[in-house]
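*Asks:* Sharing my_file05.cif below, mmCIF, C-alpha atoms:
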```cif
data_final
#
loop_
_atom_site.group_PDB
_atom_site.id
_atom_site.type_symbol
_atom_site.label_atom_id
_atom_site.label_comp_id
_atom_site.auth_asym_id
_atom_site.auth_seq_id
_atom_site.Cartn_x
_atom_site.Cartn_y
_atom_site.Cartn_z
ATOM 1 C CA MET A 260 -1.246 8.857 -17.439
ATOM 2 C CA THR A 261 2.415 8.278 -16.631
ATOM 3 C CA PRO A 262 2.913 4.548 -16.093
ATOM 4 C CA VAL A 263 4.004 3.515 -12.617
ATOM 5 C CA GLU A 264 6.998 1.728 -14.090
ATOM 6 C CA PRO A 265 7.982 -0.420 -17.007
ATOM 7 C CA PRO A 266 7.262 -4.028 -16.079
ATOM 8 C CA ALA A 267 10.074 -5.319 -13.927
ATOM 9 C CA ASP A 268 10.343 -8.290 -16.255
ATOM 10 C CA ALA A 269 11.281 -6.000 -19.142
ATOM 11 C CA ARG A 270 14.763 -5.253 -17.906
ATOM 12 C CA PRO A 271 17.451 -7.082 -15.956
ATOM 13 C CA GLU A 272 17.823 -6.086 -12.337
ATOM 14 C CA THR A 273 20.322 -6.877 -9.639
ATOM 15 C CA PRO A 274 19.918 -7.050 -5.867
ATOM 16 C CA GLN A 275 19.720 -3.576 -4.425
ATOM 17 C CA GLY A 276 20.854 -1.945 -1.233
ATOM 18 C CA SER A 277 23.989 -1.853 0.823
ATOM 19 C CA ALA A 278 25.492 -5.179 1.792
ATOM 20 C CA PRO A 279 24.342 -6.339 5.222
ATOM 21 C CA ALA A 280 26.591 -7.464 8.003
ATOM 22 C CA GLY A 281 27.985 -10.974 7.601
ATOM 23 C CA PRO A 282 26.224 -14.088 8.849
ATOM 24 C CA ASP A 283 28.384 -14.175 11.967
ATOM 25 C CA ALA A 284 27.337 -10.682 13.051
ATOM 26 C CA VAL A 285 26.387 -10.561 16.720
ATOM 27 C CA ALA A 286 22.725 -9.852 17.429
ATOM 28 C CA ALA A 287 22.037 -6.502 19.035
ATOM 29 C CA GLN A 288 21.921 -6.646 22.820
ATOM 30 C CA PRO A 289 19.242 -4.928 24.876
ATOM 31 C CA ASP A 290 20.178 -1.789 26.707
ATOM 32 C CA PRO A 291 20.792 -2.851 30.304
ATOM 33 C CA ALA A 292 19.403 0.471 31.469
ATOM 34 C CA GLN A 293 16.173 -0.169 29.637
ATOM 35 C CA GLY A 294 15.944 -3.908 30.217
ATOM 36 C CA ALA A 295 14.086 -4.284 26.931
ATOM 37 C CA ARG A 296 14.423 -7.231 24.573
ATOM 38 C CA PRO A 297 15.565 -6.371 21.027
ATOM 39 C CA ARG A 298 12.754 -6.452 18.499
ATOM 40 C CA ARG A 299 12.771 -9.052 15.750
ATOM 41 C CA PRO A 300 14.154 -8.142 12.303
ATOM 42 C CA GLU A 301 11.555 -7.228 9.696
ATOM 43 C CA LEU A 302 11.256 -9.269 6.496
ATOM 44 C CA LEU A 303 8.953 -7.660 3.948
ATOM 45 C CA ILE A 304 7.854 -9.651 0.904
ATOM 46 C CA ILE A 305 7.050 -7.387 -2.067
ATOM 47 C CA THR A 306 4.928 -9.182 -4.628
ATOM 48 C CA GLY A 307 1.903 -8.657 -6.844
ATOM 49 C CA MET A 308 1.025 -8.100 -10.475
ATOM 50 C CA SER A 309 3.685 -7.562 -13.116
ATOM 51 C CA GLY A 310 3.730 -3.886 -14.049
ATOM 52 C CA ALA A 311 1.995 -2.780 -10.837
ATOM 53 C CA GLY A 312 5.076 -1.144 -9.326
ATOM 54 C CA ARG A 313 7.126 -3.759 -7.480
ATOM 55 C CA SER A 314 10.470 -2.261 -8.521
ATOM 56 C CA THR A 315 9.285 1.236 -7.634
ATOM 57 C CA ALA A 316 8.311 -0.024 -4.172
ATOM 58 C CA GLY A 317 11.710 -1.670 -3.769
ATOM 59 C CA LYS A 318 13.554 1.509 -4.712
ATOM 60 C CA ALA A 319 11.452 3.559 -2.266
ATOM 61 C CA LEU A 320 12.344 1.164 0.559
ATOM 62 C CA GLU A 321 16.013 1.162 -0.411
ATOM 63 C CA ASP A 322 15.982 4.956 -0.083
ATOM 64 C CA LEU A 323 14.685 4.475 3.477
ATOM 65 C CA GLY A 324 17.643 2.261 4.360
ATOM 66 C CA TRP A 325 16.094 -1.154 3.791
ATOM 67 C CA TYR A 326 18.254 -3.933 2.361
ATOM 68 C CA VAL A 327 16.392 -4.879 -0.839
ATOM 69 C CA VAL A 328 16.798 -8.099 -2.840
ATOM 70 C CA ASP A 329 15.063 -8.419 -6.210
ATOM 71 C CA ASN A 330 13.646 -11.586 -7.803
ATOM 72 C CA LEU A 331 14.576 -14.021 -5.046
ATOM 73 C CA PRO A 332 13.244 -17.606 -5.415
ATOM 74 C CA PRO A 333 10.821 -18.399 -2.553
ATOM 75 C CA GLN A 334 13.025 -21.333 -1.506
ATOM 76 C CA MET A 335 15.699 -18.813 -0.513
ATOM 77 C CA LEU A 336 13.419 -16.950 1.900
ATOM 78 C CA GLU A 337 13.928 -19.347 4.796
ATOM 79 C CA PRO A 338 17.754 -19.171 4.652
ATOM 80 C CA LEU A 339 17.471 -15.398 4.376
ATOM 81 C CA ALA A 340 15.158 -15.308 7.395
ATOM 82 C CA GLU A 341 17.622 -17.368 9.415
ATOM 83 C CA LEU A 342 20.442 -15.044 8.385
ATOM 84 C CA ALA A 343 18.366 -12.046 9.449
ATOM 85 C CA ALA A 344 17.556 -13.661 12.789
ATOM 86 C CA ARG A 345 21.254 -14.353 13.430
ATOM 87 C CA ALA A 346 22.259 -10.823 12.453
ATOM 88 C CA GLY A 347 19.582 -9.348 14.704
ATOM 89 C CA LEU A 348 19.205 -5.589 14.494
ATOM 90 C CA SER A 349 22.437 -5.165 12.528
ATOM 91 C CA VAL A 350 20.171 -5.925 9.530
ATOM 92 C CA PRO A 351 16.813 -4.793 10.934
ATOM 93 C CA ARG A 352 14.859 -4.305 7.722
ATOM 94 C CA ILE A 353 14.980 -6.583 4.689
ATOM 95 C CA ALA A 354 12.663 -6.372 1.682
ATOM 96 C CA VAL A 355 12.490 -9.109 -0.957
ATOM 97 C CA VAL A 356 10.780 -8.860 -4.350
ATOM 98 C CA VAL A 357 9.220 -12.240 -5.200
ATOM 99 C CA ASP A 358 7.017 -12.676 -8.264
ATOM 100 C CA VAL A 359 6.112 -14.818 -11.258
ATOM 101 C CA ARG A 360 9.534 -14.303 -12.788
ATOM 102 C CA GLY A 361 10.495 -17.178 -10.489
ATOM 103 C CA GLY A 362 8.462 -19.511 -12.697
ATOM 104 C CA SER A 363 7.446 -22.752 -11.007
ATOM 105 C CA PHE A 364 9.238 -21.621 -7.834
ATOM 106 C CA PHE A 365 6.598 -18.914 -7.302
ATOM 107 C CA ALA A 366 3.905 -21.525 -6.624
ATOM 108 C CA GLU A 367 5.731 -22.454 -3.416
ATOM 109 C CA LEU A 368 5.608 -18.937 -1.967
ATOM 110 C CA THR A 369 2.426 -19.397 0.092
ATOM 111 C CA GLY A 370 3.821 -22.491 1.819
ATOM 112 C CA THR A 371 7.125 -20.755 2.436
ATOM 113 C CA LEU A 372 5.376 -17.817 4.083
ATOM 114 C CA ALA A 373 3.559 -20.179 6.441
ATOM 115 C CA ALA A 374 6.905 -21.681 7.459
ATOM 116 C CA LEU A 375 8.403 -18.219 8.015
ATOM 117 C CA ASP A 376 5.814 -17.501 10.701
ATOM 118 C CA THR A 377 7.711 -19.893 12.971
ATOM 119 C CA ARG A 378 11.086 -18.184 12.436
ATOM 120 C CA HIS A 379 12.601 -15.443 14.551
ATOM 121 C CA VAL A 380 11.622 -12.720 12.112
ATOM 122 C CA SER A 381 8.463 -10.710 11.491
ATOM 123 C CA PRO A 382 7.358 -11.501 7.908
ATOM 124 C CA ARG A 383 4.995 -9.091 6.147
ATOM 125 C CA VAL A 384 3.535 -9.092 2.635
ATOM 126 C CA LEU A 385 3.069 -6.005 0.436
ATOM 127 C CA PHE A 386 0.958 -6.782 -2.637
ATOM 128 C CA LEU A 387 1.061 -4.356 -5.589
ATOM 129 C CA ASP A 388 -2.023 -4.446 -7.796
ATOM 130 C CA ALA A 389 -3.607 -2.433 -10.620
ATOM 131 C CA THR A 390 -6.572 -2.714 -12.932
ATOM 132 C CA ASP A 391 -6.284 -4.775 -16.101
ATOM 133 C CA GLU A 392 -6.646 -1.579 -18.150
ATOM 134 C CA ALA A 393 -3.755 0.103 -16.338
ATOM 135 C CA LEU A 394 -1.526 -2.964 -16.669
ATOM 136 C CA VAL A 395 -2.244 -3.352 -20.404
ATOM 137 C CA ARG A 396 -1.464 0.330 -20.939
ATOM 138 C CA ARG A 397 1.861 0.021 -19.129
ATOM 139 C CA PHE A 398 2.967 -3.071 -21.019
ATOM 140 C CA GLU A 399 2.010 -1.486 -24.325
ATOM 141 C CA SER A 400 3.885 1.706 -23.442
ATOM 142 C CA VAL A 401 7.157 -0.221 -23.113
ATOM 143 C CA ARG A 402 6.297 -2.647 -25.942
ATOM 144 C CA ARG A 403 7.150 -5.710 -23.909
ATOM 145 C CA PRO A 404 5.122 -8.907 -23.405
ATOM 146 C CA HIS A 405 3.609 -9.984 -20.121
ATOM 147 C CA PRO A 406 5.789 -12.761 -18.631
ATOM 148 C CA LEU A 407 2.856 -15.230 -18.710
ATOM 149 C CA GLN A 408 1.202 -14.356 -22.021
ATOM 150 C CA GLY A 409 3.220 -16.685 -24.252
ATOM 151 C CA ASP A 410 1.772 -16.501 -27.764
ATOM 152 C CA ASP A 411 -1.502 -15.039 -26.474
ATOM 153 C CA ARG A 412 -2.590 -11.494 -25.646
ATOM 154 C CA ILE A 413 -1.403 -9.354 -22.744
ATOM 155 C CA VAL A 414 -4.811 -9.720 -21.079
ATOM 156 C CA ASP A 415 -4.398 -13.512 -21.150
ATOM 157 C CA GLY A 416 -1.108 -13.238 -19.292
ATOM 158 C CA ILE A 417 -2.686 -10.897 -16.746
ATOM 159 C CA ALA A 418 -5.549 -13.343 -16.181
ATOM 160 C CA ARG A 419 -3.112 -16.197 -15.563
ATOM 161 C CA GLU A 420 -1.142 -14.104 -13.119
ATOM 162 C CA ARG A 421 -4.288 -13.108 -11.212
ATOM 163 C CA ALA A 422 -5.182 -16.787 -10.861
ATOM 164 C CA LEU A 423 -1.714 -17.553 -9.496
ATOM 165 C CA THR A 424 -1.626 -14.648 -7.037
ATOM 166 C CA GLY A 425 -5.225 -14.643 -5.763
ATOM 167 C CA ASP A 426 -4.530 -16.494 -2.508
ATOM 168 C CA LEU A 427 -1.419 -14.427 -1.878
ATOM 169 C CA ARG A 428 -3.347 -11.184 -2.326
ATOM 170 C CA SER A 429 -5.953 -12.297 0.212
ATOM 171 C CA ARG A 430 -3.299 -12.963 2.866
ATOM 172 C CA ALA A 431 -1.266 -9.794 2.244
ATOM 173 C CA ASP A 432 -0.761 -7.398 5.137
ATOM 174 C CA VAL A 433 -1.203 -4.405 2.852
ATOM 175 C CA VAL A 434 -2.514 -4.131 -0.714
ATOM 176 C CA VAL A 435 -1.726 -1.065 -2.820
ATOM 177 C CA ASP A 436 -3.696 -0.361 -5.991
ATOM 178 C CA SER A 437 -1.297 1.645 -8.161
ATOM 179 C CA SER A 438 -3.715 2.194 -11.066
ATOM 180 C CA SER A 439 -3.961 5.943 -10.525
ATOM 181 C CA PHE A 440 -0.382 6.582 -9.392
ATOM 182 C CA ASN A 441 2.710 7.623 -11.274
ATOM 183 C CA VAL A 442 6.178 6.514 -10.192
ATOM 184 C CA HIS A 443 6.693 9.381 -7.748
ATOM 185 C CA GLN A 444 3.262 9.071 -6.139
ATOM 186 C CA LEU A 445 3.638 5.333 -5.620
ATOM 187 C CA GLY A 446 7.122 5.724 -4.171
ATOM 188 C CA ALA A 447 5.869 8.369 -1.744
ATOM 189 C CA LEU A 448 2.966 6.167 -0.645
ATOM 190 C CA VAL A 449 5.176 3.130 -0.019
ATOM 191 C CA ALA A 450 7.676 5.292 1.870
ATOM 192 C CA SER A 451 4.926 6.706 4.086
ATOM 193 C CA LEU A 452 3.650 3.215 4.891
ATOM 194 C CA PHE A 453 7.011 1.737 5.826
ATOM 195 C CA GLU A 454 9.227 4.609 6.960
ATOM 196 C CA ALA A 455 8.421 3.794 10.593
ATOM 197 C CA GLU A 456 8.609 0.027 10.081
ATOM 198 C CA GLY A 457 9.774 -1.756 13.185
ATOM 199 C CA THR A 458 7.162 -0.143 15.420
ATOM 200 C CA ASP A 459 4.118 -2.130 16.435
ATOM 201 C CA ASP A 460 1.560 0.626 15.965
ATOM 202 C CA LEU A 461 -1.196 0.703 13.379
ATOM 203 C CA ARG A 462 -0.790 2.978 10.367
ATOM 204 C CA VAL A 463 -3.925 4.208 8.630
ATOM 205 C CA THR A 464 -4.270 5.742 5.170
ATOM 206 C CA VAL A 465 -7.303 7.988 4.776
ATOM 207 C CA MET A 466 -8.013 8.347 1.064
ATOM 208 C CA SER A 467 -10.397 10.587 -0.849
ATOM 209 C CA PHE A 468 -11.599 9.492 -4.289
ATOM 210 C CA GLY A 469 -14.171 10.181 -6.997
ATOM 211 C CA PHE A 470 -16.782 7.537 -7.733
ATOM 212 C CA LYS A 471 -16.686 8.453 -11.405
ATOM 213 C CA TYR A 472 -13.103 7.145 -11.490
ATOM 214 C CA GLY A 473 -13.975 3.895 -9.730
ATOM 215 C CA THR A 474 -13.772 2.727 -6.133
ATOM 216 C CA PRO A 475 -10.308 1.965 -4.677
ATOM 217 C CA ALA A 476 -9.576 -1.747 -4.657
ATOM 218 C CA ASP A 477 -7.242 -1.531 -1.660
ATOM 219 C CA ALA A 478 -9.620 0.069 0.858
ATOM 220 C CA GLU A 479 -10.954 -1.870 3.839
ATOM 221 C CA HIS A 480 -13.651 0.745 4.524
ATOM 222 C CA ILE A 481 -15.476 2.933 1.995
ATOM 223 C CA ALA A 482 -17.939 5.725 2.826
ATOM 224 C CA ASP A 483 -20.144 7.553 0.311
ATOM 225 C CA LEU A 484 -20.252 11.303 0.998
ATOM 226 C CA ARG A 485 -22.587 12.200 -1.834
ATOM 227 C CA PHE A 486 -25.302 12.783 0.769
ATOM 228 C CA LEU A 487 -23.684 16.175 1.417
ATOM 229 C CA PRO A 488 -24.384 19.250 -0.753
ATOM 230 C CA ASN A 489 -21.889 19.572 -3.588
ATOM 231 C CA PRO A 490 -19.686 22.720 -3.584
ATOM 232 C CA HIS A 491 -19.354 22.239 -7.345
ATOM 233 C CA TRP A 492 -22.679 24.050 -7.741
ATOM 234 C CA GLU A 493 -21.415 27.121 -5.863
ATOM 235 C CA PRO A 494 -19.643 29.311 -8.465
ATOM 236 C CA GLU A 495 -17.162 30.779 -5.993
ATOM 237 C CA LEU A 496 -16.236 27.318 -4.646
ATOM 238 C CA ARG A 497 -16.136 25.330 -7.887
ATOM 239 C CA PRO A 498 -12.490 26.104 -8.807
ATOM 240 C CA LEU A 499 -11.299 25.391 -5.247
ATOM 241 C CA THR A 500 -10.712 22.008 -3.591
ATOM 242 C CA GLY A 501 -11.540 20.441 -0.255
ATOM 243 C CA GLN A 502 -8.095 21.468 0.975
ATOM 244 C CA ASP A 503 -9.092 25.140 0.708
ATOM 245 C CA ALA A 504 -10.595 26.702 3.825
ATOM 246 C CA PRO A 505 -13.814 28.035 2.186
ATOM 247 C CA VAL A 506 -14.685 24.604 0.778
ATOM 248 C CA SER A 507 -13.786 22.823 3.998
ATOM 249 C CA ALA A 508 -15.954 25.212 6.009
ATOM 250 C CA TYR A 509 -18.851 24.784 3.554
ATOM 251 C CA VAL A 510 -18.691 20.981 3.681
ATOM 252 C CA LEU A 511 -18.267 20.684 7.436
ATOM 253 C CA ALA A 512 -21.117 23.150 8.050
ATOM 254 C CA ALA A 513 -23.509 21.066 5.957
ATOM 255 C CA GLU A 514 -26.305 19.274 7.779
ATOM 256 C CA GLY A 515 -25.152 15.827 8.829
ATOM 257 C CA ALA A 516 -21.431 16.317 8.144
ATOM 258 C CA ARG A 517 -20.136 16.610 11.702
ATOM 259 C CA PRO A 518 -22.586 14.042 13.169
ATOM 260 C CA PHE A 519 -21.411 11.613 10.485
ATOM 261 C CA LEU A 520 -17.758 12.142 11.441
ATOM 262 C CA ASP A 521 -18.542 11.877 15.171
ATOM 263 C CA ARG A 522 -20.249 8.516 14.734
ATOM 264 C CA TYR A 523 -17.754 7.265 12.162
ATOM 265 C CA VAL A 524 -14.817 7.881 14.484
ATOM 266 C CA GLU A 525 -16.742 6.261 17.328
ATOM 267 C CA ALA A 526 -17.470 3.209 15.161
ATOM 268 C CA LEU A 527 -13.787 2.955 14.176
ATOM 269 C CA GLU A 528 -12.579 2.722 17.781
ATOM 270 C CA PRO A 529 -13.321 -1.014 18.283
ATOM 271 C CA VAL A 530 -12.204 -1.734 14.697
ATOM 272 C CA LEU A 531 -8.775 -0.159 15.139
ATOM 273 C CA THR A 532 -8.436 -1.753 18.577
ATOM 274 C CA GLY A 533 -9.171 -5.129 16.981
ATOM 275 C CA TYR A 534 -6.661 -4.500 14.208
ATOM 276 C CA ARG A 535 -3.954 -3.896 16.804
ATOM 277 C CA ARG A 536 -4.962 -6.989 18.745
ATOM 278 C CA GLU A 537 -4.820 -9.121 15.595
ATOM 279 C CA ASN A 538 -1.486 -7.554 14.587
ATOM 280 C CA LYS A 539 -2.954 -5.943 11.463
ATOM 281 C CA ARG A 540 -0.724 -2.948 11.012
ATOM 282 C CA TYR A 541 -2.053 -1.259 7.886
ATOM 283 C CA ALA A 542 -5.561 -0.095 6.995
ATOM 284 C CA THR A 543 -7.085 2.143 4.328
ATOM 285 C CA ILE A 544 -10.266 4.159 4.836
ATOM 286 C CA ALA A 545 -11.709 5.744 1.694
ATOM 287 C CA PHE A 546 -14.156 8.653 1.466
ATOM 288 C CA GLY A 547 -15.789 9.135 -1.924
ATOM 289 C CA CYS A 548 -17.785 11.849 -3.648
ATOM 290 C CA THR A 549 -18.593 12.397 -7.312
ATOM 291 C CA GLY A 550 -15.248 13.678 -8.576
ATOM 292 C CA GLY A 551 -12.936 13.443 -5.579
ATOM 293 C CA LYS A 552 -12.336 17.190 -5.458
ATOM 294 C CA HIS A 553 -14.501 18.804 -2.779
ATOM 295 C CA ARG A 554 -16.552 16.792 -0.275
ATOM 296 C CA SER A 555 -14.413 13.691 0.037
ATOM 297 C CA VAL A 556 -11.215 15.762 0.266
ATOM 298 C CA ALA A 557 -12.527 18.031 3.027
ATOM 299 C CA MET A 558 -13.958 15.147 5.026
ATOM 300 C CA ALA A 559 -10.816 13.003 4.611
ATOM 301 C CA GLU A 560 -8.676 15.849 5.926
ATOM 302 C CA GLU A 561 -10.970 16.252 8.941
ATOM 303 C CA LEU A 562 -11.026 12.512 9.652
ATOM 304 C CA GLY A 563 -7.229 12.438 9.480
ATOM 305 C CA THR A 564 -7.057 15.286 12.002
ATOM 306 C CA ARG A 565 -9.431 13.517 14.394
ATOM 307 C CA LEU A 566 -7.601 10.200 14.185
ATOM 308 C CA ARG A 567 -4.247 11.889 14.848
ATOM 309 C CA ARG A 568 -5.717 13.484 17.960
ATOM 310 C CA ALA A 569 -6.679 9.973 19.067
ATOM 311 C CA GLY A 570 -3.061 8.850 18.698
ATOM 312 C CA VAL A 571 -3.393 6.988 15.393
ATOM 313 C CA GLY A 572 -0.623 7.230 12.800
ATOM 314 C CA VAL A 573 -2.356 8.657 9.713
ATOM 315 C CA ARG A 574 -1.487 9.574 6.139
ATOM 316 C CA VAL A 575 -4.115 11.457 4.118
ATOM 317 C CA LEU A 576 -4.072 10.758 0.384
ATOM 318 C CA HIS A 577 -6.235 12.375 -2.311
ATOM 319 C CA ARG A 578 -6.306 9.877 -5.139
ATOM 320 C CA ASP A 579 -8.207 11.852 -7.769
ATOM 321 C CA LEU A 580 -7.456 15.461 -6.865
ATOM 322 C CA GLY A 581 -6.415 17.306 -10.016
ATOM 323 C CA ARG A 582 -7.852 14.764 -12.469
ATOM 324 C CA GLU A 583 -10.802 16.890 -13.541
#
```
Represent the structure from my file as structure tokens, please.

*Replies:*
Amino acid sequence: MTPVEPPADARPETPQGSAPAGPDAVAAQPDPAQGARPRRPELLIITGMSGAGRSTAGKALEDLGWYVVDNLPPQMLEPLAELAARAGLSVPRIAVVVDVRGGSFFAELTGTLAALDTRHVSPRVLFLDATDEALVRRFESVRRPHPLQGDDRIVDGIARERALTGDLRSRADVVVDSSSFNVHQLGALVASLFEAEGTDDLRVTVMSFGFKYGTPADAEHIADLRFLPNPHWEPELRPLTGQDAPVSAYVLAAEGARPFLDRYVEALEPVLTGYRRENKRYATIAFGCTGGKHRSVAMAEELGTRLRRAGVGVRVLHRDLGRE
């Protein structure tokens, strides 16, 4: 599999993005005709495991017009937040890559994030993760050591980093497991999550996957669709996927398929309402079948359609399609 990226620690990087307006820039004023108050600037913290795709995420956001700063010490986040608040919407979207390359400074990140909640910005955390196997493979492919391995093995460095980042992962607004993604797929996913950043609406990713490739680590909700008949055993359907009309019709016509979707969407209504109330803006719903080719794909597409009709912002992603 193509690695998501060489570990960011393996090469020097410089702050990315176009220079923002100076610190004395005047905050954007509300439109008198609208009478609306300007929204607060967005400050996105990109962090996570070394080799999981932090630099790829930063580049994807830069392409969307975000001002991206790489490898910033956590102590600099508060001054940056104050600068963003003063600049107002002249610098509406700032993304900062913060990770273990900061050494002992990284340990202060959790406390710094708590302090940022009181500033005039909207801080968010994007955590990039991957399985140990995927991370080892990526480090070996570029023949570079893990930043925390010292004289030990790569897996020892990964274990130390997981211990350091565990609390941060649990408080992240969105977690992305990049194990199965290449550079382009990860960039597209990050772009889809944050291209409309600055709105207050919930954005949902509906993902299909194959249980034989493992369950997605970044899903809040997982449903097992192996109770439906498998199109794999129909010779004319086997080479097709759940995105093809004959397979979709076969799956949705199966006993229990539509009642399941009806009740699942009904059960999601109070969940999504609660997410909005609690200001949780990202959620991942995963549908799984054996190989992630037929049943889960067809049902994920249908769920995405139903949620869009209900006014939910949805991206449908098929994690394992094409792996067989």

*Asks:* Counting all atoms listed in the file, which residues in segment 366-436 of chain A sit no more than 8 Å from segment 311-323 of chain A? For each one, give the nearest pair of atoms and the distance in Å, sorted by chain then residue number, as CSV.

*Replies:*
```
residue,atom,partner,partner_atom,distance
A:Leu387,CA,A:Ala311,CA,5.6
A:Asp388,CA,A:Ala311,CA,5.3
A:Ala389,CA,A:Ala311,CA,5.6
A:Leu394,CA,A:Ala311,CA,6.8
A:Asp436,CA,A:Ala311,CA,7.9
```

*Asks:* Give me, as a list of chain:residue names, all polymer residues having an atom no more than 6 Å from segment 302-310 of chain A, counting only C-alpha atoms and skipping those fewer than 2 positions away in the same chain.

*Replies:*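 Within the cut-off, the hits are A:Pro266, A:Gly312, A:Ile353, A:Ala354, A:Val355, A:Val356, A:Val357, A:Asp358, A:Ser381, A:Pro382, A:Arg383, A:Val384, A:Leu385, A:Phe386, A:Leu387, A:Asp388, A:Leu394.
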
*Asks:* I'd like to see the residues matched by the PyMOL selection byres ((chain A and resi 527) around 12) on this file, and ideally I'd get them as a PyMOL selection string.

*Replies:* chain A and resi 463+479-480+520-526+528-534+542-544+562+565-566+569+571

*Asks:* Which residues come within 8 Å of Pro406 of chain A, counting only C-alpha atoms, excluding same-chain residues fewer than 2 positions away, as JSON, numbers by chain?

*Replies:* {"A": [268, 309, 359, 360, 404, 408, 409, 416]}

*Asks:* Considering only C-alpha atoms, state which residue in the set A:Leu368, A:Ser437, A:Leu445, A:Gly572 is at the smallest distance from Pro332 of chain A.

*Replies:*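 Of A:Leu368, A:Ser437, A:Leu445, A:Gly572, the one nearest Pro332 of chain A is A:Leu368, counting only C-alpha atoms.
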
*Asks:* Using all atoms listed in the file and a cutoff of 10 Å, can you tell me which residues are near (-8.2, -4.9, -15.3) in the file's coordinates, and write them out as a PyMOL selection string?

*Replies:* chain A and resi 388-395+414+417-418+421+438

*Asks:* Atom CA of Asp329 of chain A to atom CA of Val442 of chain A: how many Å, to one decimal?

*Replies:*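 Pair atom CA of Asp329 of chain A / atom CA of Val442 of chain A returns 17.8 Å.
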
*Asks:* Record the distance separating atom CA of Arg430 of chain A and atom CA of Asn538 of chain A, expressed in Å with one decimal.

*Replies:*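 Separation between atom CA of Arg430 of chain A and atom CA of Asn538 of chain A: 13.0 Å.
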
*Asks:* Which value, in Å to one decimal, gives the distance between atom CA of Asp579 of chain A and atom CA of Trp492 of chain A?

*Replies:* 18.9 Å

*Asks:* Measuring between only C-alpha atoms, which one of A:Asp411, A:Glu493, A:Glu583, A:Asp483 shows the shortest distance to Gly550 of chain A?

*Replies:*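 Ranking A:Asp411, A:Glu493, A:Glu583, A:Asp483 by distance to Gly550 of chain A, first place goes to A:Glu583.
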
*Asks:* Here is a test: counting only C-alpha atoms, which residue of A:Glu514, A:Glu560, A:Glu399, A:Asp410 is nearest to Leu576 of chain A?

*Replies:* A:Glu560

*Asks:* Which residue is closest to Leu496 of chain A? Choose from A:Ile481, A:Gly547, A:Ser467, A:Lys552 and count only C-alpha atoms.

*Replies:*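 Checking each of A:Ile481, A:Gly547, A:Ser467, A:Lys552 against Leu496 of chain A, counting only C-alpha atoms, the winner is A:Lys552.
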
*Asks:* For Thr564 of chain A, which of A:Leu372, A:Leu339, A:Ala512, A:Val465 is the closest residue, counting only C-alpha atoms?

*Replies:*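 For Thr564 of chain A, the nearest of the given residues is A:Val465.
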
*Asks:* Looking at A:Arg396, A:Arg462, A:Arg352, A:Arg403, which one is nearest to Val575 of chain A, with distances taken over only C-alpha atoms?

*Replies:*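 Distance minimum relative to Val575 of chain A lands on A:Arg462.
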